[in-house]
file model_15.txt (compact mmCIF, C-alpha atoms)
# COMPACT_ATOMS: atom_id res chain seq x y z
CA MET J 260 -14.53 4.53 31.70
CA ALA J 261 -15.82 0.96 31.54
CA SER J 262 -15.11 -0.90 28.35
CA SER J 263 -18.82 -1.16 27.62
CA GLU J 264 -19.24 2.63 27.54
CA ALA J 265 -19.13 4.68 24.38
CA THR J 266 -18.24 8.21 23.44
CA THR J 267 -18.87 10.46 20.48
CA VAL J 268 -16.36 12.39 18.37
CA GLU J 269 -16.84 15.06 15.75
CA ALA J 270 -15.73 13.98 12.30
CA GLY J 271 -16.21 16.77 9.83
CA GLU J 272 -19.89 17.67 9.85
CA ARG J 273 -20.93 14.41 11.51
CA GLU J 274 -20.71 12.77 14.87
CA VAL J 275 -19.23 9.27 15.06
CA ARG J 276 -20.03 6.98 17.97
CA VAL J 277 -17.04 5.08 19.33
CA SER J 278 -17.99 2.00 21.34
CA SER J 279 -15.60 0.43 23.88
CA ALA J 280 -13.53 3.58 23.49
CA ASP J 281 -10.92 2.58 26.08
CA ARG J 282 -10.23 -0.86 24.59
CA ILE J 283 -6.47 -1.33 24.29
CA ILE J 284 -5.64 -1.77 20.62
CA PHE J 285 -1.85 -1.52 20.98
CA PRO J 286 -0.29 -2.53 24.31
CA ALA J 287 2.39 -0.26 25.75
CA THR J 288 6.02 -0.92 24.80
CA GLU J 289 9.29 0.33 26.27
CA ARG J 290 9.15 3.26 23.86
CA THR J 291 5.43 3.91 23.43
CA PRO J 292 2.29 4.23 25.58
CA ALA J 293 -0.75 2.00 25.21
CA VAL J 294 -3.10 3.03 22.39
CA THR J 295 -6.87 2.73 22.77
CA LYS J 296 -9.56 2.52 20.12
CA LEU J 297 -10.44 6.16 20.82
CA ASP J 298 -6.77 7.10 20.32
CA VAL J 299 -6.81 5.46 16.88
CA VAL J 300 -10.01 7.26 15.89
CA ARG J 301 -8.68 10.61 17.11
CA TYR J 302 -5.38 10.01 15.33
CA TYR J 303 -7.10 9.59 11.98
CA LEU J 304 -9.19 12.70 12.55
CA SER J 305 -6.03 14.67 13.42
CA VAL J 306 -4.49 13.85 10.01
CA GLY J 307 -7.80 14.22 8.21
CA ASP J 308 -6.61 16.20 5.19
CA GLY J 309 -3.77 13.76 4.61
CA ILE J 310 -5.67 10.51 4.98
CA MET J 311 -8.49 11.83 2.80
CA ARG J 312 -6.06 12.85 0.08
CA ALA J 313 -4.80 9.26 0.12
CA LEU J 314 -8.26 7.65 0.13
CA VAL J 315 -10.83 9.98 -1.39
CA ARG J 316 -13.04 8.26 -3.98
CA ARG J 317 -10.79 5.19 -3.98
CA PRO J 318 -12.19 1.69 -3.42
CA THR J 319 -10.55 0.72 -0.14
CA THR J 320 -9.95 -2.61 1.58
CA LEU J 321 -10.20 -2.36 5.37
CA GLU J 322 -7.65 -4.21 7.49
CA ARG J 323 -9.57 -4.78 10.70
CA TRP J 324 -8.19 -5.77 14.11
CA PRO J 325 -11.31 -5.35 16.29
CA LYS J 326 -9.75 -7.16 19.27
CA GLY J 327 -6.54 -5.16 19.04
CA VAL J 328 -3.00 -5.95 17.95
CA HIS J 329 -1.98 -8.53 20.52
CA PRO J 330 0.38 -11.54 20.27
CA ASP J 331 -2.43 -14.09 20.62
CA VAL J 332 -4.63 -12.63 17.87
CA VAL J 333 -5.26 -15.03 14.98
CA VAL J 334 -4.94 -13.40 11.57
CA SER J 335 -7.04 -14.64 8.66
CA THR J 336 -5.20 -15.55 5.48
CA ARG J 337 -6.22 -16.20 1.88
CA GLU J 338 -6.03 -19.90 2.65
CA GLN J 339 -7.80 -19.90 6.02
CA GLY J 340 -10.39 -17.41 7.25
CA GLY J 341 -12.20 -17.05 10.54
CA GLY J 342 -9.42 -15.21 12.34
CA ASP J 343 -9.67 -12.31 14.78
CA ALA J 344 -8.02 -9.94 12.29
CA PHE J 345 -8.94 -9.85 8.62
CA PHE J 346 -9.09 -7.89 5.37
CA GLN J 347 -12.60 -6.72 4.47
CA LYS J 348 -13.15 -6.18 0.75
CA ARG J 349 -16.91 -5.70 0.91
CA ILE J 350 -18.79 -3.03 2.79
CA PRO J 351 -19.75 -4.33 6.27
CA ARG J 352 -23.38 -4.88 7.05
CA GLY J 353 -24.99 -2.08 9.02
CA ALA J 354 -22.69 0.64 7.67
CA PRO J 355 -24.11 4.17 8.00
CA ASP J 356 -25.91 5.50 4.94
CA TYR J 357 -23.17 8.08 4.35
CA VAL J 358 -20.62 5.32 3.65
CA GLU J 359 -20.46 5.06 -0.13
CA THR J 360 -19.04 2.24 -2.23
CA ALA J 361 -17.30 1.56 -5.52
CA ARG J 362 -17.63 -1.68 -7.47
CA ILE J 363 -14.35 -3.36 -8.37
CA GLU J 364 -13.55 -6.55 -10.25
CA PHE J 365 -11.01 -9.12 -9.11
CA PRO J 366 -8.70 -11.06 -11.47
CA SER J 367 -11.04 -14.05 -11.03
CA GLY J 368 -13.86 -12.08 -12.65
CA ARG J 369 -15.82 -11.77 -9.40
CA HIS J 370 -16.68 -8.34 -8.10
CA ALA J 371 -17.25 -6.52 -4.82
CA ASP J 372 -18.67 -3.25 -3.56
CA GLU J 373 -15.85 -1.79 -1.50
CA VAL J 374 -15.96 1.13 0.91
CA CYS J 375 -15.12 4.31 -1.01
CA PRO J 376 -14.30 7.18 1.38
CA THR J 377 -15.79 10.53 0.44
CA GLU J 378 -15.54 12.33 3.80
CA ILE J 379 -13.55 12.04 7.02
CA ALA J 380 -16.51 10.57 8.93
CA VAL J 381 -16.08 7.39 6.85
CA VAL J 382 -12.50 7.06 8.11
CA GLY J 383 -13.63 7.68 11.70
CA TRP J 384 -16.40 5.10 11.38
CA ALA J 385 -14.01 2.53 9.89
CA ALA J 386 -11.51 3.12 12.72
CA GLN J 387 -14.26 2.64 15.29
CA MET J 388 -15.04 -0.66 13.54
CA GLY J 389 -11.50 -1.80 14.30
CA THR J 390 -9.82 -0.77 11.05
CA ILE J 391 -6.11 -0.28 11.64
CA THR J 392 -4.88 0.05 8.06
CA PHE J 393 -6.51 1.40 4.90
CA HIS J 394 -5.57 -0.26 1.60
CA PRO J 395 -6.86 1.90 -1.27
CA TRP J 396 -6.85 0.78 -4.88
CA PRO J 397 -4.79 2.98 -7.25
CA VAL J 398 -7.98 4.06 -9.05
CA ARG J 399 -10.87 6.47 -8.51
CA ARG J 400 -14.41 5.19 -8.57
CA GLU J 401 -15.14 7.22 -11.72
CA ASP J 402 -12.87 4.81 -13.64
CA VAL J 403 -11.90 1.68 -11.75
CA ASP J 404 -10.04 0.07 -14.68
CA HIS J 405 -7.39 2.75 -15.27
CA PRO J 406 -4.99 3.38 -12.38
CA ASP J 407 -3.75 6.89 -11.66
CA GLU J 408 -0.97 5.97 -9.23
CA LEU J 409 2.30 4.17 -9.89
CA ARG J 410 3.40 2.59 -6.61
CA LEU J 411 7.06 1.73 -6.15
CA ASP J 412 7.58 -0.59 -3.19
CA LEU J 413 11.20 -0.92 -2.05
CA ASP J 414 11.10 -3.99 0.18
CA PRO J 415 14.20 -4.98 2.23
CA GLN J 416 14.96 -8.70 2.09
CA PRO J 417 16.64 -10.65 4.92
CA GLY J 418 20.11 -9.24 5.45
CA THR J 419 19.09 -5.73 4.44
CA ASP J 420 17.33 -2.97 6.36
CA PHE J 421 15.72 0.45 6.14
CA ALA J 422 19.06 2.16 5.46
CA ASP J 423 19.52 -0.03 2.39
CA ALA J 424 16.03 0.86 1.15
CA VAL J 425 16.83 4.55 1.66
CA ARG J 426 20.01 4.21 -0.40
CA VAL J 427 18.04 2.61 -3.24
CA ALA J 428 15.37 5.30 -2.90
CA ALA J 429 18.02 7.93 -3.58
CA GLU J 430 18.81 6.30 -6.92
CA ALA J 431 15.08 5.93 -7.59
CA ARG J 432 14.78 9.69 -7.10
CA THR J 433 17.44 10.23 -9.75
CA LEU J 434 15.72 7.85 -12.15
CA LEU J 435 12.39 9.61 -11.59
CA ALA J 436 14.04 12.93 -12.42
CA ASP J 437 15.51 11.41 -15.58
CA LEU J 438 11.99 10.35 -16.57
CA GLY J 439 10.57 13.79 -15.78
CA TYR J 440 8.46 12.37 -12.93
CA THR J 441 7.73 13.79 -9.50
CA GLY J 442 7.80 11.11 -6.81
CA PHE J 443 6.37 11.30 -3.31
CA PRO J 444 8.14 9.07 -0.74
CA LYS J 445 6.81 7.67 2.51
CA THR J 446 7.84 5.12 5.06
CA SER J 447 6.01 1.82 4.81
CA GLY J 448 5.47 1.74 8.56
CA GLY J 449 8.06 -1.04 8.67
CA ARG J 450 11.51 -1.35 7.08
CA GLY J 451 10.57 -0.38 3.55
CA VAL J 452 10.12 2.76 1.49
CA HIS J 453 7.19 3.52 -0.79
CA ILE J 454 7.26 6.06 -3.63
CA TYR J 455 4.08 7.23 -5.38
CA VAL J 456 3.86 8.89 -8.79
CA ARG J 457 0.62 10.34 -10.10
CA ILE J 458 -0.17 9.02 -13.59
CA GLU J 459 -2.77 10.04 -16.15
CA PRO J 460 -5.57 7.43 -15.90
CA ARG J 461 -5.20 6.28 -19.50
CA TRP J 462 -3.46 2.93 -19.06
CA THR J 463 -4.48 -0.49 -17.76
CA PHE J 464 -3.34 -2.38 -14.68
CA THR J 465 -1.19 -4.52 -16.98
CA ASP J 466 0.50 -1.40 -18.34
CA MET J 467 1.10 -0.05 -14.84
CA ARG J 468 2.62 -3.35 -13.74
CA HIS J 469 4.88 -3.42 -16.81
CA ALA J 470 5.98 0.13 -15.98
CA ALA J 471 6.92 -0.95 -12.45
CA ILE J 472 8.89 -3.90 -13.86
CA ALA J 473 10.77 -1.54 -16.20
CA PHE J 474 11.54 0.83 -13.34
CA GLY J 475 12.82 -2.01 -11.18
CA ARG J 476 14.99 -3.44 -13.95
CA GLU J 477 16.59 -0.05 -14.54
CA LEU J 478 17.35 0.22 -10.82
CA GLU J 479 18.95 -3.24 -11.02
CA ARG J 480 21.21 -1.98 -13.80
CA ARG J 481 22.13 1.17 -11.91
CA LEU J 482 22.73 -0.58 -8.58
CA PRO J 483 24.00 -4.07 -9.46
CA GLY J 484 23.97 -6.40 -6.50
CA GLU J 485 21.79 -4.06 -4.42
CA VAL J 486 18.39 -4.32 -6.14
CA THR J 487 16.32 -7.22 -7.45
CA THR J 488 13.04 -7.76 -9.26
CA LYS J 489 13.16 -11.54 -8.79
CA TRP J 490 9.72 -12.79 -7.75
CA TRP J 491 10.93 -15.97 -6.06
CA LYS J 492 12.42 -15.38 -2.62
CA GLU J 493 15.12 -17.99 -3.17
CA GLU J 494 16.54 -15.81 -5.97
CA ARG J 495 16.46 -12.41 -4.27
CA GLY J 496 19.46 -12.63 -1.99
CA GLU J 497 20.38 -9.78 0.38
CA ARG J 498 18.98 -7.07 -1.84
CA ILE J 499 16.11 -4.58 -1.98
CA PHE J 500 13.19 -6.12 -3.83
CA VAL J 501 11.18 -3.85 -6.12
CA ASP J 502 7.77 -5.46 -5.70
CA TYR J 503 6.31 -4.79 -9.14
CA ASN J 504 3.24 -6.93 -8.40
CA GLN J 505 1.96 -4.26 -6.02
CA ASN J 506 0.72 -2.63 -9.24
CA ALA J 507 -1.34 -5.63 -10.35
CA ARG J 508 -5.13 -5.56 -10.12
CA ASP J 509 -6.39 -6.21 -6.58
CA ARG J 510 -2.97 -5.58 -5.02
CA THR J 511 -2.81 -2.65 -2.64
CA ILE J 512 -0.35 -0.89 -0.34
CA ALA J 513 -1.09 0.65 3.04
CA SER J 514 -2.00 4.27 2.41
CA ALA J 515 -0.09 7.29 3.57
CA TYR J 516 -0.96 7.94 7.25
CA SER J 517 -2.26 4.40 7.76
CA VAL J 518 -1.49 2.77 11.09
CA ARG J 519 0.36 -0.52 10.80
CA PRO J 520 -0.40 -3.54 13.03
CA LYS J 521 2.99 -3.61 14.70
CA PRO J 522 4.10 -2.93 18.30
CA GLY J 523 4.11 0.77 19.11
CA ALA J 524 1.43 1.69 16.52
CA PRO J 525 3.75 2.96 13.76
CA VAL J 526 2.25 4.76 10.79
CA SER J 527 3.14 5.02 7.11
CA ALA J 528 4.53 8.54 7.12
CA PRO J 529 5.02 10.89 4.16
CA VAL J 530 8.52 12.35 4.28
CA THR J 531 10.63 14.69 2.18
CA TRP J 532 13.40 13.32 0.02
CA ASP J 533 15.99 15.32 1.95
CA GLU J 534 14.94 14.06 5.38
CA LEU J 535 14.66 10.41 4.31
CA PRO J 536 18.32 9.49 5.08
CA GLY J 537 18.11 10.85 8.64
CA ILE J 538 14.87 9.35 9.94
CA ALA J 539 13.91 6.16 11.75
CA PRO J 540 10.55 4.72 10.67
CA GLU J 541 9.63 3.80 14.26
CA ASP J 542 9.63 7.51 15.17
CA PHE J 543 6.33 8.02 13.32
CA THR J 544 3.50 6.65 15.47
CA VAL J 545 -0.10 7.29 16.43
CA ALA J 546 1.27 9.24 19.40
CA THR J 547 3.82 11.39 17.51
CA MET J 548 2.30 11.92 14.07
CA PRO J 549 -0.45 14.41 15.02
CA ALA J 550 2.11 16.97 16.24
CA ARG J 551 4.23 16.47 13.13
CA PHE J 552 1.19 16.86 10.89
CA ALA J 553 0.20 20.06 12.69
CA GLU J 554 3.72 21.40 12.13
CA VAL J 555 4.53 20.36 8.54
CA GLY J 556 1.09 19.56 7.10
CA ASP J 557 0.58 16.94 4.43
CA LEU J 558 3.86 16.36 2.62
CA HIS J 559 1.90 14.70 -0.20
CA ALA J 560 -0.33 17.75 -0.67
CA ALA J 561 1.04 18.44 -4.18
CA ILE J 562 0.66 14.87 -5.47
CA ASP J 563 -2.44 15.75 -7.51
CA ASP J 564 -0.90 18.85 -9.09
CA THR J 565 0.69 16.98 -12.02
CA ALA J 566 -0.27 13.69 -13.68
CA HIS J 567 2.45 12.11 -15.79
CA SER J 568 2.48 9.97 -18.89
CA LEU J 569 3.34 6.30 -18.39
CA GLN J 570 4.77 6.05 -21.90
CA PRO J 571 8.47 6.56 -21.02
CA LEU J 572 8.40 3.51 -18.75
CA LEU J 573 6.38 1.49 -21.26
CA ASP J 574 9.01 2.30 -23.88
CA MET J 575 11.67 1.00 -21.50
CA TYR J 576 9.64 -2.18 -20.97
CA GLU J 577 9.37 -2.71 -24.73
CA ASN J 578 13.14 -2.23 -25.10
CA ASP J 579 13.75 -4.83 -22.40
CA GLU J 580 11.30 -7.15 -24.11
CA SER J 581 13.15 -6.77 -27.41
CA ALA J 582 16.34 -7.69 -25.56
CA GLY J 583 14.77 -10.91 -24.29
CA GLU J 584 13.41 -9.77 -20.94
CA GLY J 585 9.65 -10.29 -21.04
CA ASP J 586 6.92 -10.42 -18.46
CA MET J 587 7.40 -11.78 -14.95
CA PRO J 588 5.34 -14.03 -12.63
CA TYR J 589 2.11 -12.89 -11.03
CA PRO J 590 1.13 -13.73 -7.43
CA PRO J 591 0.14 -17.39 -6.90
CA ASP J 592 -3.57 -16.70 -6.39
CA TYR J 593 -3.94 -15.16 -9.86
CA PRO J 594 -5.20 -17.10 -12.86
CA LYS J 595 -2.62 -17.65 -15.58
CA MET J 596 -2.16 -14.22 -17.18
CA PRO J 597 -1.47 -13.45 -20.87
CA GLY J 598 2.24 -13.31 -21.63
CA GLU J 599 3.22 -14.57 -18.20
CA PRO J 600 6.20 -16.96 -18.04
CA LYS J 601 5.91 -20.33 -16.37
CA ARG J 602 4.93 -19.79 -12.75
CA VAL J 603 7.08 -22.29 -10.89
CA GLN J 604 9.66 -21.93 -8.15
CA PRO J 605 13.10 -22.17 -9.83
CA SER J 606 14.36 -24.94 -7.52
CA ARG J 607 11.33 -27.04 -8.50
CA ASP J 608 11.48 -26.31 -12.22
CA ARG J 609 12.61 -29.56 -13.80
CA ASP J 610 12.86 -27.96 -17.26
CA ARG J 611 15.12 -25.13 -16.18
CA PRO J 612 18.70 -25.40 -17.52
CA ARG J 613 21.14 -26.42 -14.79
call {"tool": "encode", "arguments": {"input": "model_15.txt", "output": "structure tokens"}}
result
Amino acid sequence: MASSEATTVEAGEREVRVSSADRIIFPATERTPAVTKLDVVRYYLSVGDGIMRALVRRPTTLERWPKGVHPDVVVSTREQGGGDAFFQKRIPRGAPDYVETARIEFPSGRHADEVCPTEIAVVGWAAQMGTITFHPWPVRREDVDHPDELRLDLDPQPGTDFADAVRVAAEARTLLADLGYTGFPKTSGGRGVHIYVRIEPRWTFTDMRHAAIAFGRELERRLPGEVTTKWWKEERGERIFVDYNQNARDRTIASAYSVRPKPGAPVSAPVTWDELPGIAPEDFTVATMPARFAEVGDLHAAIDDTAHSLQPLLDMYENDESAGEGDMPYPPDYPKMPGEPKRVQPSRDRDRPR
């Protein structure tokens, strides 16, 4: 098939046209075959129930790599756009009429109409447009100001690895049980572990972020020297960072089943708590995940069965605050937020006690 040719795939009740279907999106590696654009589209359709459970009615940022994931691809950043790969926060021009949107507001006060998947054809269309990773907001379009998903991001720092994140995840599981919460783990698609908890949509983004801070601080107490909530990299050391800011407004995590732009086309894979210690994240790829999904189904299928109260974690945050531990820094692109401490790198803080 010439690269200029197209093909059509069935996506639910619709047909999706895939142009340049044989374009190599992920080059072959020693462990994995080359992955074409058509392979990516078919992968997402093969895990349709799972990816839709992760995305349905959620405003979603598209991470697009239309030229493929190659070493010479230039990636756009917040500081400099115009790259070959980029994050798209507004619906692309020319989108089919079945692609719906949800309006979200950024911390700056500006807004955008983001793609809001309502059927699997939207995922297929986005993949054909070069979307590798889907980054859904933790809200539904019916109420975009009250998150329904607490996202715990266990991020290995230099000197630590996936095994360290798994060990911390085990303690996180115990803490969740102590709180009466049900957590749903997944690989990040890299070295980290993500844990999702469904929450009643009654609290604000600020509340959700405070809850994540409280959870991280309790993990620090339970695993001293192994866990950190320090925002500044120079303070984290060789520990697992609980990235509480992933729960701030306009911060998102790659969804369950999302492909990650790394060699071999790994995916963010839902796993069971019991299998977590024995897996390798690189085993879950575009090539291997369809068979696993056909065998075990969606391991996050029960995530919507129970929505929890955020109050136990907010009570913990208030207790920490009473003990002198208040709010923590926001990401650098945010405006100064209420209650936030001075946002300055510790080594450059001239007023900090030495």
call {"tool": "closest_atom_pairs", "arguments": {"input": "model_15.txt", "of": "stretch 508-605 of chain J", "to": "stretch 277-294 of chain J", "cutoff": "7 Å", "atoms": "all atoms listed in the file", "output": "Markdown table"}}
result
| residue | atom | partner | partner_atom | distance |
| --- | --- | --- | --- | --- |
| J:Pro522 | CA | J:Phe285 | CA | 6.7 |
| J:Gly523 | CA | J:Thr291 | CA | 5.5 |
| J:Ala524 | CA | J:Phe285 | CA | 6.4 |
call {"tool": "closest_residue", "arguments": {"input": "model_15.txt", "among": "J:Arg480, J:Thr463, J:Pro520, J:Ser367", "to": "J:Lys326", "atoms": "all atoms listed in the file"}}
result
J:Pro520
call {"tool": "residues_around", "arguments": {"input": "model_15.txt", "residues": "J:Val382", "least_positions_apart": "5", "cutoff": "10 Å", "atoms": "all atoms listed in the file", "output": "list in words"}}
result
Ala270, Val275, Val300, Tyr303, Leu304, Gly307, Ile310, Met311, Leu314, Val358, Val374, Cys375, Pro376, Thr377, Gln387, Met388, Thr390 and Phe393 of chain J
call {"tool": "residues_around", "arguments": {"input": "model_15.txt", "residues": "J:Pro529", "least_positions_apart": "5", "cutoff": "7 Å", "atoms": "only C-alpha atoms", "output": "JSON, numbers by chain"}}
result
{"J": [444, 445, 446, 515, 558, 559]}
call {"tool": "closest_atom_pairs", "arguments": {"input": "model_15.txt", "of": "stretch 392-487 of chain J", "to": "stretch 577-589 of chain J", "cutoff": "12 Å", "atoms": "only C-alpha atoms", "output": "CSV"}}
result
residue,atom,partner,partner_atom,distance
J:Thr465,CA,J:Asp586,CA,10.1
J:Asp466,CA,J:Glu577,CA,11.0
J:Arg468,CA,J:Asp586,CA,9.5
J:His469,CA,J:Asp586,CA,7.5
J:Ala470,CA,J:Glu577,CA,9.8
J:Ala471,CA,J:Met587,CA,11.1
J:Ile472,CA,J:Met587,CA,8.1
J:Ala473,CA,J:Asp579,CA,7.6
J:Phe474,CA,J:Asp579,CA,10.9
J:Gly475,CA,J:Asp579,CA,11.6
J:Arg476,CA,J:Asp579,CA,8.7
J:Glu477,CA,J:Asp579,CA,9.6
J:Arg480,CA,J:Asp579,CA,11.7
call {"tool": "closest_residue", "arguments": {"input": "model_15.txt", "among": "J:Arg337, J:Val530, J:Asp372, J:Ala429", "to": "J:Asp542", "atoms": "all atoms listed in the file"}}
result
J:Val530
call {"tool": "closest_residue", "arguments": {"input": "model_15.txt", "among": "J:Ile512, J:Val603, J:Ile458, J:Ala566", "to": "J:Trp490", "atoms": "only C-alpha atoms"}}
result
J:Val603
call {"tool": "atom_distance", "arguments": {"input": "model_15.txt", "atom1": "atom CA of J:Ala344", "atom2": "atom CA of J:Trp324"}}
result
4.6 Å
call {"tool": "closest_residue", "arguments": {"input": "model_15.txt", "among": "J:Ala553, J:Gln604, J:Tyr440, J:Pro460", "to": "J:Pro571", "atoms": "only C-alpha atoms"}}
result
J:Tyr440
call {"tool": "atom_distance", "arguments": {"input": "model_15.txt", "atom1": "atom CA of J:Pro351", "atom2": "atom CA of J:Glu373"}}
result
9.1 Å
call {"tool": "closest_residue", "arguments": {"input": "model_15.txt", "among": "J:Glu269, J:Asp308, J:Asp298, J:Asp404", "to": "J:Gly556", "atoms": "only C-alpha atoms"}}
result
J:Asp308
call {"tool": "residues_near_point", "arguments": {"input": "model_15.txt", "point": "(12.8, 8.1, 10.2)", "cutoff": "12 Å", "atoms": "only C-alpha atoms", "output": "ChimeraX atom specification"}}
result
/J:421-422,425,444-452,525-544,548
